[in-house]
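Structure file target-v8.cif (mmCIF, C-alpha atoms and all ligand atoms) follows.
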```cif
data_input
loop_
_atom_site.group_PDB
_atom_site.id
_atom_site.type_symbol
_atom_site.label_atom_id
_atom_site.label_comp_id
_atom_site.auth_asym_id
_atom_site.auth_seq_id
_atom_site.Cartn_x
_atom_site.Cartn_y
_atom_site.Cartn_z
ATOM 1 C CA MET A 1 140.518 87.478 92.802
ATOM 2 C CA ILE A 2 137.643 85.856 94.646
ATOM 3 C CA THR A 3 134.398 87.215 96.042
ATOM 4 C CA ALA A 4 133.689 86.230 99.651
ATOM 5 C CA ARG A 5 130.829 86.931 102.040
ATOM 6 C CA VAL A 6 131.482 88.681 105.326
ATOM 7 C CA ILE A 7 129.986 86.513 108.085
ATOM 8 C CA GLU A 8 131.062 88.668 110.998
ATOM 9 C CA SER A 9 133.049 91.852 111.428
ATOM 10 C CA TYR A 10 134.850 93.131 114.530
ATOM 11 C CA GLY A 11 136.295 96.351 113.248
ATOM 12 C CA THR A 12 139.844 95.392 112.311
ATOM 13 C CA HIS A 13 139.139 91.805 111.314
ATOM 14 C CA GLY A 14 136.360 89.316 110.835
ATOM 15 C CA VAL A 15 135.243 86.051 109.329
ATOM 16 C CA VAL A 16 134.456 85.481 105.670
ATOM 17 C CA ALA A 17 132.818 82.569 103.871
ATOM 18 C CA TYR A 18 133.988 81.291 100.536
ATOM 19 C CA ASP A 19 133.020 78.102 98.754
ATOM 20 C CA GLY A 20 131.342 76.586 101.818
ATOM 21 C CA ALA A 21 134.178 77.214 104.271
ATOM 22 C CA SER A 22 134.872 80.091 106.656
ATOM 23 C CA TYR A 23 138.143 81.926 107.185
ATOM 24 C CA ALA A 24 139.547 84.571 109.515
ATOM 25 C CA CYS A 25 140.434 87.706 107.622
ATOM 26 C CA HIS A 26 142.037 91.045 108.402
ATOM 27 C CA TRP A 27 140.505 94.171 106.975
ATOM 28 C CA ARG A 28 142.706 96.716 105.324
ATOM 29 C CA ARG A 29 142.832 100.421 105.968
ATOM 30 C CA GLY A 30 141.658 102.349 102.981
ATOM 31 C CA THR A 31 139.089 99.874 101.681
ATOM 32 C CA GLY A 32 136.510 100.790 104.315
ATOM 33 C CA ARG A 33 135.190 98.637 107.089
ATOM 34 C CA PRO A 34 133.165 95.644 105.909
ATOM 35 C CA VAL A 35 130.048 94.661 107.840
ATOM 36 C CA CYS A 36 128.158 91.390 108.139
ATOM 37 C CA GLY A 37 126.585 90.543 104.780
ATOM 38 C CA ASP A 38 129.045 92.473 102.670
ATOM 39 C CA LEU A 39 130.542 90.893 99.586
ATOM 40 C CA ILE A 40 134.251 91.613 99.344
ATOM 41 C CA GLU A 41 136.848 90.967 96.692
ATOM 42 C CA LEU A 42 139.853 89.160 98.082
ATOM 43 C CA HIS A 43 143.244 88.895 96.531
ATOM 44 C CA GLY A 44 145.211 85.795 97.552
ATOM 45 C CA SER A 45 143.867 82.594 99.036
ATOM 46 C CA PRO A 46 141.331 83.077 101.819
ATOM 47 C CA GLY A 47 142.646 82.305 105.276
ATOM 48 C CA SER A 48 146.270 82.995 104.381
ATOM 49 C CA GLU A 49 148.130 85.908 105.957
ATOM 50 C CA ALA A 50 148.674 87.293 102.469
ATOM 51 C CA ALA A 51 144.968 87.592 101.666
ATOM 52 C CA VAL A 52 144.106 91.210 100.988
ATOM 53 C CA VAL A 53 140.700 92.847 100.734
ATOM 54 C CA GLU A 54 140.617 94.713 97.435
ATOM 55 C CA ARG A 55 137.211 96.279 97.791
ATOM 56 C CA ILE A 56 133.734 96.034 99.248
ATOM 57 C CA LEU A 57 131.132 95.475 96.539
ATOM 58 C CA GLU A 58 128.347 98.020 96.402
ATOM 59 C CA ARG A 59 125.727 97.415 99.100
ATOM 60 C CA ARG A 60 122.213 96.792 97.830
ATOM 61 C CA SER A 61 120.721 97.705 101.211
ATOM 62 C CA VAL A 62 121.736 98.062 104.828
ATOM 63 C CA PHE A 63 120.270 97.643 108.270
ATOM 64 C CA LYS A 64 121.103 100.469 110.670
ATOM 65 C CA ARG A 65 120.566 101.542 114.201
ATOM 66 C CA ALA A 66 121.661 104.603 116.156
ATOM 67 C CA ASN A 67 124.483 104.821 118.634
ATOM 68 C CA ARG A 68 124.111 106.829 121.838
ATOM 69 C CA ASN A 69 124.558 110.082 119.925
ATOM 70 C CA ARG A 70 121.779 109.170 117.491
ATOM 71 C CA GLU A 71 124.248 108.711 114.674
ATOM 72 C CA PRO A 72 123.468 105.887 112.248
ATOM 73 C CA GLN A 73 125.540 102.710 112.472
ATOM 74 C CA ILE A 74 125.406 100.063 109.806
ATOM 75 C CA ILE A 75 124.868 96.640 111.381
ATOM 76 C CA ALA A 76 124.533 94.527 108.236
ATOM 77 C CA ALA A 77 124.490 94.846 104.474
ATOM 78 C CA ASN A 78 122.535 93.335 101.586
ATOM 79 C CA VAL A 79 119.493 92.564 103.696
ATOM 80 C CA GLU A 80 116.006 92.127 102.201
ATOM 81 C CA GLN A 81 113.714 91.424 105.149
ATOM 82 C CA ALA A 82 113.576 92.666 108.722
ATOM 83 C CA VAL A 83 112.145 90.028 111.039
ATOM 84 C CA ILE A 84 110.923 91.860 114.130
ATOM 85 C CA VAL A 85 110.846 89.409 117.019
ATOM 86 C CA ILE A 86 108.753 90.199 120.070
ATOM 87 C CA ALA A 87 107.602 88.109 123.007
ATOM 88 C CA PRO A 88 105.384 88.521 126.045
ATOM 89 C CA GLU A 89 108.554 88.153 128.123
ATOM 90 C CA PRO A 90 110.497 90.459 128.108
ATOM 91 C CA PRO A 91 107.647 92.755 127.006
ATOM 92 C CA PRO A 92 108.491 95.118 124.147
ATOM 93 C CA SER A 93 109.543 98.596 125.213
ATOM 94 C CA ALA A 94 107.161 101.397 124.235
ATOM 95 C CA TYR A 95 106.987 101.947 120.472
ATOM 96 C CA ALA A 96 109.747 99.417 119.759
ATOM 97 C CA VAL A 97 107.763 97.814 116.931
ATOM 98 C CA ASP A 98 106.873 101.270 115.543
ATOM 99 C CA ARG A 99 110.588 102.128 115.438
ATOM 100 C CA TYR A 100 111.541 98.885 113.708
ATOM 101 C CA LEU A 101 108.751 99.323 111.160
ATOM 102 C CA LEU A 102 109.917 102.850 110.460
ATOM 103 C CA ALA A 103 113.512 101.718 110.009
ATOM 104 C CA ALA A 104 112.424 98.929 107.665
ATOM 105 C CA GLY A 105 110.380 101.415 105.616
ATOM 106 C CA VAL A 106 113.164 103.982 105.328
ATOM 107 C CA LEU A 107 115.769 101.324 104.512
ATOM 108 C CA GLY A 108 113.568 99.579 101.949
ATOM 109 C CA LEU A 109 113.290 96.254 103.792
ATOM 110 C CA ALA A 110 110.163 94.109 103.956
ATOM 111 C CA PRO A 111 109.018 93.828 107.591
ATOM 112 C CA LEU A 112 107.770 90.639 109.183
ATOM 113 C CA LEU A 113 106.523 90.181 112.728
ATOM 114 C CA VAL A 114 107.307 87.141 114.852
ATOM 115 C CA CYS A 115 105.498 86.755 118.167
ATOM 116 C CA ASN A 116 107.621 84.167 119.905
ATOM 117 C CA LYS A 117 106.869 82.321 123.167
ATOM 118 C CA ALA A 118 103.298 81.640 122.048
ATOM 119 C CA ASP A 119 103.202 78.995 124.806
ATOM 120 C CA LEU A 120 103.123 81.652 127.518
ATOM 121 C CA ALA A 121 99.733 82.490 128.966
ATOM 122 C CA ASN A 122 99.785 86.196 128.116
ATOM 123 C CA SER A 123 101.061 85.707 124.560
ATOM 124 C CA GLY A 124 97.900 87.074 122.927
ATOM 125 C CA VAL A 125 98.176 90.574 124.335
ATOM 126 C CA ILE A 126 101.496 91.845 122.976
ATOM 127 C CA VAL A 127 100.271 93.433 119.771
ATOM 128 C CA ASP A 128 96.999 94.916 118.723
ATOM 129 C CA PRO A 129 96.737 93.961 115.042
ATOM 130 C CA ALA A 130 94.661 97.115 114.367
ATOM 131 C CA ARG A 131 97.666 99.219 115.240
ATOM 132 C CA TYR A 132 99.706 97.913 112.312
ATOM 133 C CA ARG A 133 96.926 97.379 109.784
ATOM 134 C CA ALA A 134 98.532 99.825 107.317
ATOM 135 C CA PHE A 135 101.531 97.498 106.945
ATOM 136 C CA ALA A 136 99.663 94.322 106.027
ATOM 137 C CA LEU A 137 102.183 92.627 108.319
ATOM 138 C CA ALA A 138 102.482 88.882 108.240
ATOM 139 C CA CYS A 139 102.554 87.874 111.902
ATOM 140 C CA HIS A 140 104.052 84.522 112.859
ATOM 141 C CA GLU A 141 103.348 82.991 116.238
ATOM 142 C CA THR A 142 106.180 80.682 117.198
ATOM 143 C CA ILE A 143 107.389 78.441 119.999
ATOM 144 C CA ALA A 144 111.165 78.118 119.823
ATOM 145 C CA ARG A 145 112.168 76.645 123.170
ATOM 146 C CA PRO A 146 112.608 72.866 122.930
ATOM 147 C CA ALA A 147 111.322 72.347 126.491
ATOM 148 C CA SER A 148 108.072 74.227 125.817
ATOM 149 C CA PRO A 149 104.840 72.392 125.034
ATOM 150 C CA GLY A 150 104.103 72.954 121.358
ATOM 151 C CA TYR A 151 107.795 73.375 120.468
ATOM 152 C CA GLY A 152 108.169 73.990 116.743
ATOM 153 C CA THR A 153 104.857 75.798 116.316
ATOM 154 C CA GLY A 154 105.157 78.286 113.450
ATOM 155 C CA ILE A 155 108.753 77.388 112.645
ATOM 156 C CA GLU A 156 108.064 75.698 109.309
ATOM 157 C CA ALA A 157 105.860 78.562 108.155
ATOM 158 C CA LEU A 158 108.527 81.073 109.166
ATOM 159 C CA GLY A 159 111.176 79.000 107.394
ATOM 160 C CA ARG A 160 109.141 79.213 104.199
ATOM 161 C CA VAL A 161 109.090 83.024 104.182
ATOM 162 C CA LEU A 162 112.815 83.187 104.946
ATOM 163 C CA ARG A 163 113.785 80.748 102.193
ATOM 164 C CA GLY A 164 115.882 82.264 99.416
ATOM 165 C CA LYS A 165 115.980 85.698 101.065
ATOM 166 C CA VAL A 166 118.413 87.537 103.306
ATOM 167 C CA SER A 167 116.681 88.394 106.579
ATOM 168 C CA ILE A 168 117.872 90.039 109.747
ATOM 169 C CA LEU A 169 116.416 89.014 113.107
ATOM 170 C CA VAL A 170 115.900 92.053 115.289
ATOM 171 C CA GLY A 171 114.419 92.469 118.732
ATOM 172 C CA GLN A 172 115.582 92.956 122.249
ATOM 173 C CA SER A 173 117.735 90.482 124.076
ATOM 174 C CA GLY A 174 115.794 87.572 125.545
ATOM 175 C CA VAL A 175 112.891 87.408 123.090
ATOM 176 C CA GLY A 176 114.280 84.180 121.620
ATOM 177 C CA LYS A 177 116.281 85.094 118.514
ATOM 178 C CA SER A 178 118.962 82.477 119.170
ATOM 179 C CA SER A 179 116.330 79.884 119.967
ATOM 180 C CA LEU A 180 114.543 80.675 116.690
ATOM 181 C CA LEU A 181 117.809 80.275 114.785
ATOM 182 C CA ASN A 182 118.424 76.935 116.464
ATOM 183 C CA ALA A 183 114.921 75.784 115.573
ATOM 184 C CA LEU A 184 115.255 77.015 111.984
ATOM 185 C CA LEU A 185 118.795 75.700 111.460
ATOM 186 C CA PRO A 186 119.443 72.604 113.519
ATOM 187 C CA GLY A 187 123.018 72.429 112.146
ATOM 188 C CA ARG A 188 123.923 75.871 113.419
ATOM 189 C CA ALA A 189 125.876 74.701 116.477
ATOM 190 C CA VAL A 190 128.557 73.211 114.207
ATOM 191 C CA LEU A 191 129.019 76.514 112.434
ATOM 192 C CA THR A 192 129.287 78.330 115.764
ATOM 193 C CA THR A 193 132.194 76.136 116.840
ATOM 194 C CA GLU A 194 133.993 76.623 113.547
ATOM 195 C CA LEU A 195 133.688 80.365 113.744
ATOM 196 C CA SER A 196 134.893 80.445 117.323
ATOM 197 C CA ALA A 197 137.973 78.485 116.334
ATOM 198 C CA ALA A 198 138.626 80.870 113.461
ATOM 199 C CA THR A 199 138.361 84.036 115.499
ATOM 200 C CA GLY A 200 139.431 82.836 118.916
ATOM 201 C CA LYS A 201 136.242 84.367 120.231
ATOM 202 C CA GLY A 202 133.397 82.566 121.912
ATOM 203 C CA ARG A 203 129.820 83.062 121.012
ATOM 204 C CA HIS A 204 129.134 84.834 124.285
ATOM 205 C CA THR A 205 131.596 87.639 123.693
ATOM 206 C CA THR A 206 130.093 88.363 120.302
ATOM 207 C CA THR A 207 128.455 91.729 119.962
ATOM 208 C CA SER A 208 128.437 91.948 116.182
ATOM 209 C CA ALA A 209 125.866 90.670 113.739
ATOM 210 C CA ARG A 210 126.412 87.186 112.304
ATOM 211 C CA TRP A 211 125.410 85.647 108.989
ATOM 212 C CA TYR A 212 123.894 82.144 108.881
ATOM 213 C CA ALA A 213 123.490 80.757 105.392
ATOM 214 C CA LEU A 214 120.253 78.920 104.706
ATOM 215 C CA PRO A 215 120.308 75.680 102.732
ATOM 216 C CA GLY A 216 120.180 76.603 99.057
ATOM 217 C CA GLN A 217 120.044 80.376 98.891
ATOM 218 C CA GLY A 218 119.429 83.090 101.422
ATOM 219 C CA ALA A 219 120.554 83.674 104.969
ATOM 220 C CA VAL A 220 119.437 84.760 108.394
ATOM 221 C CA ILE A 221 121.449 87.410 110.199
ATOM 222 C CA ASP A 222 121.381 87.373 113.978
ATOM 223 C CA SER A 223 121.855 90.873 115.329
ATOM 224 C CA PRO A 224 123.151 91.715 118.767
ATOM 225 C CA GLY A 225 120.295 92.128 121.192
ATOM 226 C CA VAL A 226 119.750 95.615 122.436
ATOM 227 C CA TRP A 227 117.346 96.646 125.131
ATOM 228 C CA GLU A 228 116.270 99.709 123.238
ATOM 229 C CA TYR A 229 116.462 99.938 119.465
ATOM 230 C CA GLY A 230 117.387 103.547 118.750
ATOM 231 C CA LEU A 231 116.629 105.443 115.557
ATOM 232 C CA TRP A 232 119.172 107.820 114.049
ATOM 233 C CA ARG A 233 118.358 111.446 113.290
ATOM 234 C CA MET A 234 116.450 111.754 110.049
ATOM 235 C CA PRO A 235 114.282 114.332 108.275
ATOM 236 C CA ALA A 236 110.553 114.530 109.104
ATOM 237 C CA ALA A 237 109.710 113.190 105.634
ATOM 238 C CA ASP A 238 111.579 109.956 106.467
ATOM 239 C CA ILE A 239 109.878 109.664 109.837
ATOM 240 C CA GLN A 240 106.507 110.058 108.120
ATOM 241 C CA ARG A 241 107.318 107.102 105.857
ATOM 242 C CA GLY A 242 107.055 104.955 108.947
ATOM 243 C CA PHE A 243 103.426 106.001 109.361
ATOM 244 C CA PRO A 244 101.792 105.264 106.010
ATOM 245 C CA GLU A 245 98.279 105.466 107.484
ATOM 246 C CA PHE A 246 98.727 109.231 108.055
ATOM 247 C CA ALA A 247 98.652 109.724 104.288
ATOM 248 C CA THR A 248 95.141 108.249 104.102
ATOM 249 C CA VAL A 249 93.394 111.012 106.107
ATOM 250 C CA PRO A 250 92.017 114.202 104.500
ATOM 251 C CA HIS A 251 94.347 117.171 104.215
ATOM 252 C CA CYS A 252 95.499 119.155 107.228
ATOM 253 C CA ARG A 253 94.833 122.920 107.262
ATOM 254 C CA PHE A 254 98.487 123.667 106.618
ATOM 255 C CA ARG A 255 100.207 122.122 103.686
ATOM 256 C CA ASP A 256 103.432 121.666 105.615
ATOM 257 C CA CYS A 257 101.678 120.372 108.753
ATOM 258 C CA ARG A 258 104.020 118.286 110.870
ATOM 259 C CA HIS A 259 101.101 116.597 112.667
ATOM 260 C CA LEU A 260 102.266 117.729 116.095
ATOM 261 C CA ASP A 261 100.230 120.556 117.596
ATOM 262 C CA GLU A 262 99.190 122.540 114.538
ATOM 263 C CA PRO A 263 95.585 123.798 114.396
ATOM 264 C CA GLY A 264 93.462 121.927 111.883
ATOM 265 C CA CYS A 265 95.688 118.858 111.855
ATOM 266 C CA ALA A 266 93.671 116.058 110.262
ATOM 267 C CA VAL A 267 96.009 113.381 111.618
ATOM 268 C CA ALA A 268 95.509 114.532 115.212
ATOM 269 C CA ALA A 269 91.741 114.668 114.578
ATOM 270 C CA ALA A 270 91.764 111.144 113.145
ATOM 271 C CA ALA A 271 93.745 109.908 116.165
ATOM 272 C CA ALA A 272 91.258 111.569 118.547
ATOM 273 C CA ALA A 273 88.391 109.934 116.635
ATOM 274 C CA GLY A 274 90.112 106.549 116.725
ATOM 275 C CA GLU A 275 90.449 106.333 112.930
ATOM 276 C CA ILE A 276 94.188 106.367 113.407
ATOM 277 C CA HIS A 277 95.382 104.295 116.335
ATOM 278 C CA PRO A 278 96.100 106.848 119.100
ATOM 279 C CA GLU A 279 99.280 105.019 120.100
ATOM 280 C CA ARG A 280 100.590 105.287 116.558
ATOM 281 C CA HIS A 281 100.184 109.045 116.716
ATOM 282 C CA ALA A 282 101.847 109.022 120.143
ATOM 283 C CA ALA A 283 104.721 106.972 118.734
ATOM 284 C CA TYR A 284 105.094 109.432 115.872
ATOM 285 C CA ARG A 285 105.220 112.404 118.241
ATOM 286 C CA GLN A 286 107.812 110.728 120.408
ATOM 287 C CA ILE A 287 109.992 109.839 117.407
ATOM 288 C CA MET A 288 109.682 113.367 115.984
ATOM 289 C CA ARG A 289 110.674 114.800 119.348
ATOM 290 C CA THR A 290 113.779 112.653 119.706
ATOM 291 C CA CYS A 291 114.937 111.939 116.159
ATOM 292 C CA GLU A 292 113.907 114.710 113.805
ATOM 293 C CA LEU A 293 116.844 116.171 111.883
ATOM 294 C CA LYS A 294 116.049 119.804 111.302
HETATM 295 P P1 LIG B 301 117.798 86.053 122.385
HETATM 296 O O1 LIG B 301 118.518 86.872 123.419
HETATM 297 O O2 LIG B 301 116.781 86.888 121.659
HETATM 298 O O3 LIG B 301 118.704 85.339 121.447
HETATM 299 O O4 LIG B 301 116.929 84.975 123.200
HETATM 300 P P2 LIG B 301 117.260 83.435 123.532
HETATM 301 O O5 LIG B 301 117.061 82.587 122.335
HETATM 302 O O6 LIG B 301 118.592 83.359 124.198
HETATM 303 O O7 LIG B 301 116.095 83.097 124.561
HETATM 304 C C1 LIG B 301 115.934 83.778 125.793
HETATM 305 C C2 LIG B 301 115.154 82.887 126.751
HETATM 306 O O8 LIG B 301 113.831 82.681 126.258
HETATM 307 C C3 LIG B 301 115.741 81.492 126.907
HETATM 308 O O9 LIG B 301 115.620 81.112 128.253
HETATM 309 C C4 LIG B 301 114.882 80.628 126.024
HETATM 310 O O10 LIG B 301 114.823 79.282 126.437
HETATM 311 C C5 LIG B 301 113.530 81.285 126.159
HETATM 312 N N1 LIG B 301 112.664 81.030 124.998
HETATM 313 C C6 LIG B 301 112.986 81.117 123.679
HETATM 314 N N2 LIG B 301 111.924 80.787 122.909
HETATM 315 C C7 LIG B 301 110.906 80.490 123.755
HETATM 316 C C8 LIG B 301 109.528 80.083 123.556
HETATM 317 O O11 LIG B 301 109.029 79.926 122.437
HETATM 318 N N3 LIG B 301 108.788 79.902 124.696
HETATM 319 C C9 LIG B 301 109.306 80.077 125.944
HETATM 320 N N4 LIG B 301 108.488 79.856 126.993
HETATM 321 N N5 LIG B 301 110.578 80.442 126.159
HETATM 322 C C10 LIG B 301 111.362 80.656 125.086
HETATM 323 ZN ZN ZN B 302 98.672 117.459 110.351
#
```

Output the file's structure in the form of structure tokens.
Ligand code: GDP
Ligand code: ZN
Amino acid sequence: MITARVIESYGTHGVVAYDGASYACHWRRGTGRPVCGDLIELHGSPGSEAAVVERILERRSVFKRANRNREPQIIAANVEQAVIVIAPEPPPSAYAVDRYLLAAGVLGLAPLLVCNKADLANSGVIVDPARYRAFALACHETIARPASPGYGTGIEALGRVLRGKVSILVGQSGVGKSSLLNALLPGRAVLTTELSAATGKGRHTTTSARWYALPGQGAVIDSPGVWEYGLWRMPAADIQRGFPEFATVPHCRFRDCRHLDEPGCAVAAAAAAGEIHPERHAAYRQIMRTCELK
């Protein structure tokens, strides 16, 4: 019996890494569907037709997003950090960072913000640091396109916070996640070719998350770009975990205030007074409206 890491999963099959090499592998009905980052026990030599997945080891954490029906889907397992990548181009959709921060909070992942494309003229205006003060977010400005002046800016510093940890890169398509990976892991292209040979699939048809081991320990998971990161339905208490600054205001009139339109709501008052960022309260209302599980 060996323990292998799932690098990529396509539903019925995927790619696993064991002892520095990667192998195609079929999943087995009955053991559950492994996702990127899972550790699985394999019986038989990896890569052989006879290799059988015995079980998926218990997941220490997961990264999820919602499908169209707002049901949670697990994208990756055993993740420690969520690296939220934004850029001036394409500009983040409304409340995208609020949604990622909420997901990271509920899933127990440490959030990190990367503002890529710092070479573009309007790069300073994408986030208002005051809005996310409650998170004490480390914010990394990076330039990941080799042709850009200042290429490599912020990459070493980002590499240092990724070292030894398992991080998932999230953010909409086009913000530069692949470029960041290339800058962080110059040897990545080799791995890409190997994996394509193993699965018969090209990089461009890939819609699943993929695991890239870092030298030494740790890894970076590239997640499929989505225009809109959707949250799954969850109880109000979970949604409120994404807004830690709401807990710092004095009490609302009603003990079970949901901070929507209740009279005497201290959160709404603080937002009106600018003590809570008004857009954070707006983000909260929008998420409650669309995602609250009652
Ligand atoms: P992904 O979809 O998030 O993986 O984004 P890509 O890495 O494919 O990048 C999308 C586009 O943005 C490409 O044309 C990149 O060359 C460009 N890009 C990536 N990083 C930077 C950067 O730091 N500055 C600028 N100006 N362009 C960048
Ligand atoms: Zn309230």

Let me see if you get this right: every residue at most 8 Å from ligand ZN 302 (chain B), counting only C-alpha atoms and all ligand atoms, written as a ChimeraX atom specification. /A:251-254,256-260,262,264-268

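The set of residues that the PyMOL selection byres (((not hetatm)) within 8 of (chain B and resi 301)) takes from this file is A:Val85, A:Glu89, A:Asn116, A:Lys117, A:Ala118, A:Asp119, A:Leu120, A:Thr142, A:Ile143, A:Ala144, A:Arg145, A:Pro146, A:Ala147, A:Ser148, A:Tyr151, A:Gly171, A:Gln172, A:Ser173, A:Gly174, A:Val175, A:Gly176, A:Lys177, A:Ser178, A:Ser179, A:Leu180, A:Leu181, A:Gly225.
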
For the contact check between segment 100-218 of chain A and segment 25-38 of chain A, emit one row per residue of segment 100-218 of chain A within 8 Å, containing the shortest atom pair and the distance in Å rounded to one decimal, counting only C-alpha atoms, chain then rising number order, as CSV.
```
residue,atom,partner,partner_atom,distance
A:Ala209,CA,A:Cys36,CA,6.1
A:Arg210,CA,A:Cys36,CA,6.2
A:Trp211,CA,A:Cys36,CA,6.4
```

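Considering all atoms listed in the file, the residue among A:Leu42, A:Leu113, A:Ala66, A:Ala157 positioned nearest to Leu169 of chain A is A:Leu113.
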
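Note that the spacing between atom CA of Tyr18 of chain A and atom CA of Leu184 of chain A amounts to 22.4 Å.
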
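From atom CA of Ala96 of chain A back to atom CA of Ile168 of chain A, the distance works out to 15.9 Å.
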
For the file shown, what are the residues hit by the PyMOL selection byres (((chain A and resi 67-75) around 8) and not hetatm), laid out as a PDB file with C-alpha atoms, keeping the file's coordinate frame?
```pdb
ATOM      1  CA  VAL A  35     130.048  94.661 107.840  1.00  0.00           C
ATOM      2  CA  CYS A  36     128.158  91.390 108.139  1.00  0.00           C
ATOM      3  CA  VAL A  62     121.736  98.062 104.828  1.00  0.00           C
ATOM      4  CA  PHE A  63     120.270  97.643 108.270  1.00  0.00           C
ATOM      5  CA  LYS A  64     121.103 100.469 110.670  1.00  0.00           C
ATOM      6  CA  ARG A  65     120.566 101.542 114.201  1.00  0.00           C
ATOM      7  CA  ALA A  66     121.661 104.603 116.156  1.00  0.00           C
ATOM      8  CA  ALA A  76     124.533  94.527 108.236  1.00  0.00           C
ATOM      9  CA  ALA A  77     124.490  94.846 104.474  1.00  0.00           C
ATOM     10  CA  SER A 208     128.437  91.948 116.182  1.00  0.00           C
ATOM     11  CA  ALA A 209     125.866  90.670 113.739  1.00  0.00           C
ATOM     12  CA  SER A 223     121.855  90.873 115.329  1.00  0.00           C
ATOM     13  CA  GLY A 230     117.387 103.547 118.750  1.00  0.00           C
ATOM     14  CA  LEU A 231     116.629 105.443 115.557  1.00  0.00           C
ATOM     15  CA  TRP A 232     119.172 107.820 114.049  1.00  0.00           C
ATOM     16  CA  ARG A 233     118.358 111.446 113.290  1.00  0.00           C
ATOM     17  CA  CYS A 291     114.937 111.939 116.159  1.00  0.00           C
TER      18      CYS A 291
END
```

Starting from 5 Å padding per side, set up an axis-aligned box that covers all listed atoms of segment 54-68 of chain A and hand over centre and edge lengths in Å, one decimal, as AutoDock Vina command-line options.
```
--center_x 130.4 --center_y 100.8 --center_z 109.1 --size_x 30.3 --size_y 22.1 --size_z 35.4
```

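Nearest residue to Ala236 of chain A, choosing from A:Ser61, A:Glu292, A:Ile86, A:Val170 and counting all atoms listed in the file: A:Glu292.
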
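Interatomic distance, atom CA of Ala219 of chain A to atom CA of Pro88 of chain A: 26.4 Å.
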
Output the residue selection produced by the PyMOL selection byres (((chain A and resi 159) around 12) and not hetatm) on the file above, formatted as JSON, numbers by chain. {"A": [83, 114, 140, 142, 152, 153, 154, 155, 156, 157, 158, 160, 161, 162, 163, 164, 165, 166, 167, 180, 181, 182, 183, 184, 185, 214, 215, 218, 219, 220]}

Tell me which protein, DNA and RNA residues are within 12 Å of Ala282 of chain A, counting only C-alpha atoms, leaving out same-chain ones fewer than 3 positions away, and put them as a ChimeraX atom specification. /A:94-95,98,131,243,259-261,267-268,271-272,276-279,285-289

Produce a file of the selected residues containing C-alpha atoms, as a compact mmCIF listing (two decimals), in the coordinates of the input.
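As a result, selection14.txt now contains:
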```
# COMPACT_ATOMS: atom_id res chain seq x y z
CA ALA A 94 107.16 101.40 124.24
CA TYR A 95 106.99 101.95 120.47
CA ASP A 98 106.87 101.27 115.54
CA ARG A 131 97.67 99.22 115.24
CA PHE A 243 103.43 106.00 109.36
CA HIS A 259 101.10 116.60 112.67
CA LEU A 260 102.27 117.73 116.10
CA ASP A 261 100.23 120.56 117.60
CA VAL A 267 96.01 113.38 111.62
CA ALA A 268 95.51 114.53 115.21
CA ALA A 271 93.74 109.91 116.16
CA ALA A 272 91.26 111.57 118.55
CA ILE A 276 94.19 106.37 113.41
CA HIS A 277 95.38 104.30 116.34
CA PRO A 278 96.10 106.85 119.10
CA GLU A 279 99.28 105.02 120.10
CA ARG A 285 105.22 112.40 118.24
CA GLN A 286 107.81 110.73 120.41
CA ILE A 287 109.99 109.84 117.41
CA MET A 288 109.68 113.37 115.98
CA ARG A 289 110.67 114.80 119.35
```

Sphere at (102.6, 91.5, 123.0), radius 9 Å, counting only C-alpha atoms: residues as a ChimeraX atom specification: /A:86-89,91-92,115,122-128

Between A:Ile40, A:Ala136, A:Ala237, A:Ala17, which residue has the minimum interatomic distance to Leu101 of chain A, considering only C-alpha atoms?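 Residue with the minimum atom-to-atom distance to Leu101 of chain A: A:Ala136.
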
Taking all atoms listed in the file into account, which of A:Ser93, A:Ala121, A:Leu39, A:Asp238 comes nearest Val79 of chain A? A:Leu39
